[in-house]
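**Student:** Would you mind keeping the following structure in view while I ask a few things?
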Amino acid sequence: MAFFEKLKNGLFKTKQSVMGRVDSVLRNFVSIDDDLMDELEEVLITSDMGMDTVETVMDALRESIKDNRAKDPSDIRDLLKAILREQIGDGAPLDLSTKPSVVLVIGVNGVGKTTTIGKLASHLRADGKSVILAAADTFRAAAIDQLAVWADRADVPLIRQSEGSDPAAVVFDAAAAARKRGADVLLVDTAGRLHNKKNLMDELAKIDRVLSRELPDAARETLLVLDATTGQNALQQAKEFMTAAKITGLVLTKLDGTAKGGAVFSIKKMLGIPVKYIGVGEQADDLQPFDPDAFVDALFS
């Protein structure tokens, strides 16, 4: 199945929640008036887009209706599509410009972080990249074992130590291995939750210092994995992690399991960080680089 078809299927719940109800509103009116606009606004608010984003979208929609002299409610669909496409911004590829390049993956437990790393390893391998995985989430034995399974599937080496080891020591070993073996990409898993927020920040800072020292010239990405099913809660998680790390991109997982995909728009607007990958299923190829045109097309298809 082509990824666009997977994307359409994966966004089915969100599409029904958002566009299904938008279309219903448009069918119930014969002209564009304040009542129609109020109902549209209510639909967007309940789609988990967030109040600020909805206000921006509605203001732009009113301007677009005026500029295009739209009279028929059916005209609103294309105008809204163009506005949402503008809101979501452009995609941004990973910066893998050096050898090795480093991709640090962060996020709370349960968002699909370790699975995302495994899928990303498979994706990079399919693109001809040599990859090394670093199991730096040493606080959960299950995380190390889970990453080992994905390393086997992707046929990439895994640098690991025992549960409870110093994560920075794992990263040190992995950086040395990446240099020695001439790897293209070092992918680093990190802890999703420690005893408190300060511990987590300190641990990420320590890993950052090791990478800066051992691979000072490496291109660096820090990807934050967010669970799309949590809607606006994902936005709060992102804000907290932004105080602990310089995030360069977002990965949105489990879009196939939620009607809250509208949160993508508010996350992008509020954080100003590009969405780099999205996940719409369980298979390795269900994680793909984010294509904003395809995303909005699938939502309106």
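We label chains A, B, ... in the order they appear in the structure tokens, count residues from 1 in each chain, and number ligands from 1 in the order shown.
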Write out as number ranges by chain the residues lying within 12 Å of stretch 234-242 of chain A, counting only C-alpha atoms and excluding same-chain residues fewer than 6 positions away.
**Tutor:** A: 48-50, 105-111, 192-193, 197-198, 200-201, 204-205, 222-228, 248-253, 260-273
**Student:** With a distance cut-off of 10 Å and only C-alpha atoms, select the neighbouring residues of A:Lys254, excluding the residue or stretch itself and same-chain residues fewer than 6 positions from it, and output the selection as a PDB file with N, CA, C and O atoms, in the first residue's frame.
**Tutor:**
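Once everything was written out, this is around26.pdb:
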```pdb
ATOM      1  N   GLY A  10      -4.836   6.208   8.071  1.00  0.00           N
ATOM      2  CA  GLY A  10      -4.389   6.533   9.417  1.00  0.00           C
ATOM      3  C   GLY A  10      -5.061   7.777   9.978  1.00  0.00           C
ATOM      4  O   GLY A  10      -5.249   7.896  11.188  1.00  0.00           O
ATOM      5  N   LEU A  11      -5.429   8.682   9.091  1.00  0.00           N
ATOM      6  CA  LEU A  11      -6.070   9.921   9.532  1.00  0.00           C
ATOM      7  C   LEU A  11      -7.594   9.833   9.496  1.00  0.00           C
ATOM      8  O   LEU A  11      -8.282  10.843   9.667  1.00  0.00           O
ATOM      9  N   VAL A 111       5.102   6.931  24.740  1.00  0.00           N
ATOM     10  CA  VAL A 111       4.725   7.643  23.511  1.00  0.00           C
ATOM     11  C   VAL A 111       5.150   6.884  22.260  1.00  0.00           C
ATOM     12  O   VAL A 111       4.798   7.270  21.144  1.00  0.00           O
ATOM     13  N   GLY A 112       5.912   5.807  22.438  1.00  0.00           N
ATOM     14  CA  GLY A 112       6.405   5.055  21.286  1.00  0.00           C
ATOM     15  C   GLY A 112       7.809   5.459  20.883  1.00  0.00           C
ATOM     16  O   GLY A 112       8.224   5.288  19.743  1.00  0.00           O
ATOM     17  N   LEU A 226       6.099  12.581  20.348  1.00  0.00           N
ATOM     18  CA  LEU A 226       4.836  12.899  21.012  1.00  0.00           C
ATOM     19  C   LEU A 226       3.760  11.932  20.553  1.00  0.00           C
ATOM     20  O   LEU A 226       3.694  11.579  19.371  1.00  0.00           O
ATOM     21  N   ASP A 227       2.907  11.530  21.479  1.00  0.00           N
ATOM     22  CA  ASP A 227       1.794  10.635  21.194  1.00  0.00           C
ATOM     23  C   ASP A 227       0.595  11.482  20.772  1.00  0.00           C
ATOM     24  O   ASP A 227       0.046  12.239  21.572  1.00  0.00           O
ATOM     25  N   ALA A 228       0.189  11.359  19.500  1.00  0.00           N
ATOM     26  CA  ALA A 228      -0.898  12.199  18.984  1.00  0.00           C
ATOM     27  C   ALA A 228      -2.219  11.944  19.697  1.00  0.00           C
ATOM     28  O   ALA A 228      -3.088  12.821  19.727  1.00  0.00           O
ATOM     29  N   THR A 229      -2.386  10.769  20.301  1.00  0.00           N
ATOM     30  CA  THR A 229      -3.668  10.460  20.950  1.00  0.00           C
ATOM     31  C   THR A 229      -3.888  11.309  22.202  1.00  0.00           C
ATOM     32  O   THR A 229      -5.009  11.394  22.700  1.00  0.00           O
ATOM     33  N   THR A 230      -2.827  11.959  22.700  1.00  0.00           N
ATOM     34  CA  THR A 230      -2.969  12.780  23.904  1.00  0.00           C
ATOM     35  C   THR A 230      -3.366  14.223  23.586  1.00  0.00           C
ATOM     36  O   THR A 230      -3.589  15.021  24.501  1.00  0.00           O
ATOM     37  N   GLY A 261      -5.985  14.403  15.698  1.00  0.00           N
ATOM     38  CA  GLY A 261      -4.896  14.807  14.816  1.00  0.00           C
ATOM     39  C   GLY A 261      -4.848  16.292  14.573  1.00  0.00           C
ATOM     40  O   GLY A 261      -3.827  16.834  14.123  1.00  0.00           O
ATOM     41  N   ILE A 278       6.014  11.344  11.003  1.00  0.00           N
ATOM     42  CA  ILE A 278       4.733  10.950  11.584  1.00  0.00           C
ATOM     43  C   ILE A 278       4.597   9.436  11.482  1.00  0.00           C
ATOM     44  O   ILE A 278       5.130   8.797  10.574  1.00  0.00           O
ATOM     45  N   GLY A 279       3.858   8.879  12.435  1.00  0.00           N
ATOM     46  CA  GLY A 279       3.610   7.441  12.455  1.00  0.00           C
ATOM     47  C   GLY A 279       2.122   7.168  12.351  1.00  0.00           C
ATOM     48  O   GLY A 279       1.327   7.762  13.081  1.00  0.00           O
ATOM     49  N   VAL A 280       1.747   6.291  11.426  1.00  0.00           N
ATOM     50  CA  VAL A 280       0.324   5.979  11.223  1.00  0.00           C
ATOM     51  C   VAL A 280       0.071   4.471  11.269  1.00  0.00           C
ATOM     52  O   VAL A 280      -0.859   3.974  10.647  1.00  0.00           O
ATOM     53  N   GLY A 281       0.885   3.739  12.022  1.00  0.00           N
ATOM     54  CA  GLY A 281       0.683   2.290  12.109  1.00  0.00           C
ATOM     55  C   GLY A 281       1.824   1.617  12.836  1.00  0.00           C
ATOM     56  O   GLY A 281       2.738   2.274  13.345  1.00  0.00           O
ATOM     57  N   GLU A 282       1.771   0.287  12.860  1.00  0.00           N
ATOM     58  CA  GLU A 282       2.723  -0.487  13.644  1.00  0.00           C
ATOM     59  C   GLU A 282       3.945  -0.939  12.850  1.00  0.00           C
ATOM     60  O   GLU A 282       4.971  -1.266  13.422  1.00  0.00           O
ATOM     61  N   ASP A 286       5.541   2.437   8.417  1.00  0.00           N
ATOM     62  CA  ASP A 286       4.445   3.327   8.791  1.00  0.00           C
ATOM     63  C   ASP A 286       4.954   4.604   9.460  1.00  0.00           C
ATOM     64  O   ASP A 286       4.158   5.486   9.792  1.00  0.00           O
ATOM     65  N   LEU A 287       6.257   4.696   9.664  1.00  0.00           N
ATOM     66  CA  LEU A 287       6.882   5.953  10.094  1.00  0.00           C
ATOM     67  C   LEU A 287       7.539   6.556   8.864  1.00  0.00           C
ATOM     68  O   LEU A 287       8.383   5.918   8.229  1.00  0.00           O
TER      69      LEU A 287
END
```
**Student:** Env of stretch 86-102 of chain A: 6 Å cut, atoms = only C-alpha atoms, seq-sep filter 5 positions within chain, self excluded. Answer as a list in words.
**Tutor:** Ala183, Asp184, Val185, Leu186, Ala218, Ala219, Arg220, Phe265, Lys276, Phe290 and Asp291 of chain A
**Student:** Just to be explicit: take each residue in the selection above, keep N, CA, C and O atoms, and write the result as an mmCIF file, in the first residue's frame.
**Tutor:**
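again_15.cif, freshly written:
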```
data_model
loop_
_atom_site.group_PDB
_atom_site.id
_atom_site.type_symbol
_atom_site.label_atom_id
_atom_site.label_comp_id
_atom_site.auth_asym_id
_atom_site.auth_seq_id
_atom_site.Cartn_x
_atom_site.Cartn_y
_atom_site.Cartn_z
ATOM 1 N N ALA A 183 30.344 4.972 10.821
ATOM 2 C CA ALA A 183 28.882 4.952 10.673
ATOM 3 C C ALA A 183 28.378 6.287 10.146
ATOM 4 O O ALA A 183 28.962 7.344 10.413
ATOM 5 N N ASP A 184 27.282 6.230 9.418
ATOM 6 C CA ASP A 184 26.661 7.460 8.921
ATOM 7 C C ASP A 184 25.847 8.151 10.011
ATOM 8 O O ASP A 184 25.839 9.382 10.089
ATOM 9 N N VAL A 185 25.137 7.348 10.815
ATOM 10 C CA VAL A 185 24.217 7.923 11.793
ATOM 11 C C VAL A 185 24.323 7.183 13.126
ATOM 12 O O VAL A 185 24.326 5.943 13.160
ATOM 13 N N LEU A 186 24.411 7.950 14.203
ATOM 14 C CA LEU A 186 24.312 7.404 15.553
ATOM 15 C C LEU A 186 22.948 7.801 16.100
ATOM 16 O O LEU A 186 22.652 8.991 16.238
ATOM 17 N N ALA A 218 29.881 16.828 14.591
ATOM 18 C CA ALA A 218 28.762 16.066 14.037
ATOM 19 C C ALA A 218 27.504 16.917 13.932
ATOM 20 O O ALA A 218 27.194 17.708 14.832
ATOM 21 N N ALA A 219 26.779 16.755 12.824
ATOM 22 C CA ALA A 219 25.440 17.349 12.719
ATOM 23 C C ALA A 219 24.574 16.697 13.789
ATOM 24 O O ALA A 219 24.659 15.488 14.024
ATOM 25 N N ARG A 220 23.742 17.493 14.446
ATOM 26 C CA ARG A 220 22.979 16.986 15.582
ATOM 27 C C ARG A 220 21.501 17.278 15.420
ATOM 28 O O ARG A 220 21.108 18.412 15.158
ATOM 29 N N PHE A 265 -1.699 20.944 14.272
ATOM 30 C CA PHE A 265 -1.671 22.349 13.884
ATOM 31 C C PHE A 265 -1.297 23.252 15.064
ATOM 32 O O PHE A 265 -0.498 24.174 14.918
ATOM 33 N N LYS A 276 8.946 16.417 11.785
ATOM 34 C CA LYS A 276 9.852 15.764 10.834
ATOM 35 C C LYS A 276 9.401 14.363 10.432
ATOM 36 O O LYS A 276 9.663 13.927 9.314
ATOM 37 N N PHE A 290 7.586 13.679 7.369
ATOM 38 C CA PHE A 290 6.337 14.431 7.314
ATOM 39 C C PHE A 290 6.251 15.227 6.018
ATOM 40 O O PHE A 290 7.130 16.023 5.704
ATOM 41 N N ASP A 291 5.177 15.012 5.288
ATOM 42 C CA ASP A 291 4.889 15.729 4.056
ATOM 43 C C ASP A 291 3.630 16.555 4.308
ATOM 44 O O ASP A 291 2.527 16.008 4.327
#
```
**Student:** Just give me the gap between atom CA of A:Ser165 and atom CA of A:Ala135 in Å, one decimal is fine.
**Tutor:**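 For atom CA of A:Ser165 relative to atom CA of A:Ala135, the distance reads 10.4 Å.
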**Student:** What's the 7 Å shell around stretch 71-82 of chain A, counting only C-alpha atoms, without same-chain residues fewer than 5 positions away, as a VMD selection string?
**Tutor:** chain A and resid 26 29 to 32 61 64
**Student:** What does the file look like for those residues with N, CA and C atoms, as a tab-separated table (two decimals), in the first residue's frame?
**Tutor:**
```
chain	number	residue	atom	x	y	z
A	26	LEU	N	-21.33	22.88	6.50
A	26	LEU	CA	-21.45	23.58	5.22
A	26	LEU	C	-22.71	23.17	4.47
A	29	PHE	N	-26.13	25.06	5.48
A	29	PHE	CA	-26.32	26.48	5.23
A	29	PHE	C	-26.40	26.75	3.72
A	30	VAL	N	-27.18	27.75	3.37
A	30	VAL	CA	-27.30	28.12	1.95
A	30	VAL	C	-26.50	29.38	1.65
A	31	SER	N	-26.04	30.06	2.69
A	31	SER	CA	-25.20	31.24	2.49
A	31	SER	C	-24.20	31.33	3.64
A	32	ILE	N	-23.17	32.15	3.44
A	32	ILE	CA	-22.14	32.33	4.47
A	32	ILE	C	-22.58	33.46	5.39
A	61	LEU	N	-9.67	32.82	7.67
A	61	LEU	CA	-10.78	32.36	6.84
A	61	LEU	C	-11.73	33.51	6.50
A	64	SER	N	-10.09	35.55	3.90
A	64	SER	CA	-10.07	34.85	2.62
A	64	SER	C	-11.44	34.88	1.95
```
**Student:** Can you check which residues of stretch 86-218 of chain A DSSP gives as strand (DSSP E or B) on the backbone and send them as a PyMOL selection string?
**Tutor:** chain A and resi 101-106+131-135+158-159+185-189
**Student:** So, counting only C-alpha atoms, which residue among A:Ala284, A:Ala191, A:Ala176, A:Asp23 is closest to A:Arg125?
**Tutor:**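 Between A:Ala284, A:Ala191, A:Ala176, A:Asp23, the residue approaching A:Arg125 most closely is A:Ala284.
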**Student:** Between A:Leu124, A:Ala169, A:Ala142, A:Leu255, single out the one closest to A:Arg209, counting only C-alpha atoms.
**Tutor:**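 Selected residue with least distance to A:Arg209: A:Ala169.
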**Student:** May I have the residues within 9 Å of A:Asp173 as JSON, numbers by chain, using only C-alpha atoms and disregarding those fewer than 4 positions away in the same chain?
**Tutor:** {"A": [134, 159, 160, 168, 169, 177, 178]}
**Student:** With C-alpha atoms retained, could you export that selection as an mmCIF file, in the first residue's frame?
**Tutor:**
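As a result, again27.cif now contains:
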```
data_model
loop_
_atom_site.group_PDB
_atom_site.id
_atom_site.type_symbol
_atom_site.label_atom_id
_atom_site.label_comp_id
_atom_site.auth_asym_id
_atom_site.auth_seq_id
_atom_site.Cartn_x
_atom_site.Cartn_y
_atom_site.Cartn_z
ATOM 1 C CA ALA A 134 22.774 3.511 21.519
ATOM 2 C CA ILE A 159 25.679 -0.401 21.897
ATOM 3 C CA ARG A 160 24.307 -1.274 25.323
ATOM 4 C CA ALA A 168 26.376 8.979 29.343
ATOM 5 C CA ALA A 169 28.811 6.038 29.463
ATOM 6 C CA ALA A 177 31.987 2.914 17.873
ATOM 7 C CA ALA A 178 30.452 5.335 15.362
#
```
**Student:** Would you pick out the contacts of A:Met19 at 9 Å or less, using only C-alpha atoms, so that residues sharing its chain but fewer than 3 positions from it are not included, and give the list as a PyMOL selection string?
**Tutor:** chain A and resi 14-16+22-24+43+77+299-300
**Student:** Restricting the calculation to only C-alpha atoms: of A:Ile144, A:Met37, A:Ala298, A:Val149, which residue gets closest to A:Lys119?
**Tutor:**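 Of the candidates, the smallest distance to A:Lys119 is held by A:Val149.
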**Student:** Report, in Å with one decimal, the straight-line distance from atom CA of A:Leu84 to atom CA of A:Thr46.
**Tutor:** 15.9 Å
**Student:** For A:Gly118, please output as a list of chain:residue names all residues within 8 Å (counting only C-alpha atoms; exclusion window: fewer than 5 positions along the same chain).
**Tutor:**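 Contacts, in chain order: A:Leu147, A:Trp150, A:Ala151, A:Ala154, A:Ala284.
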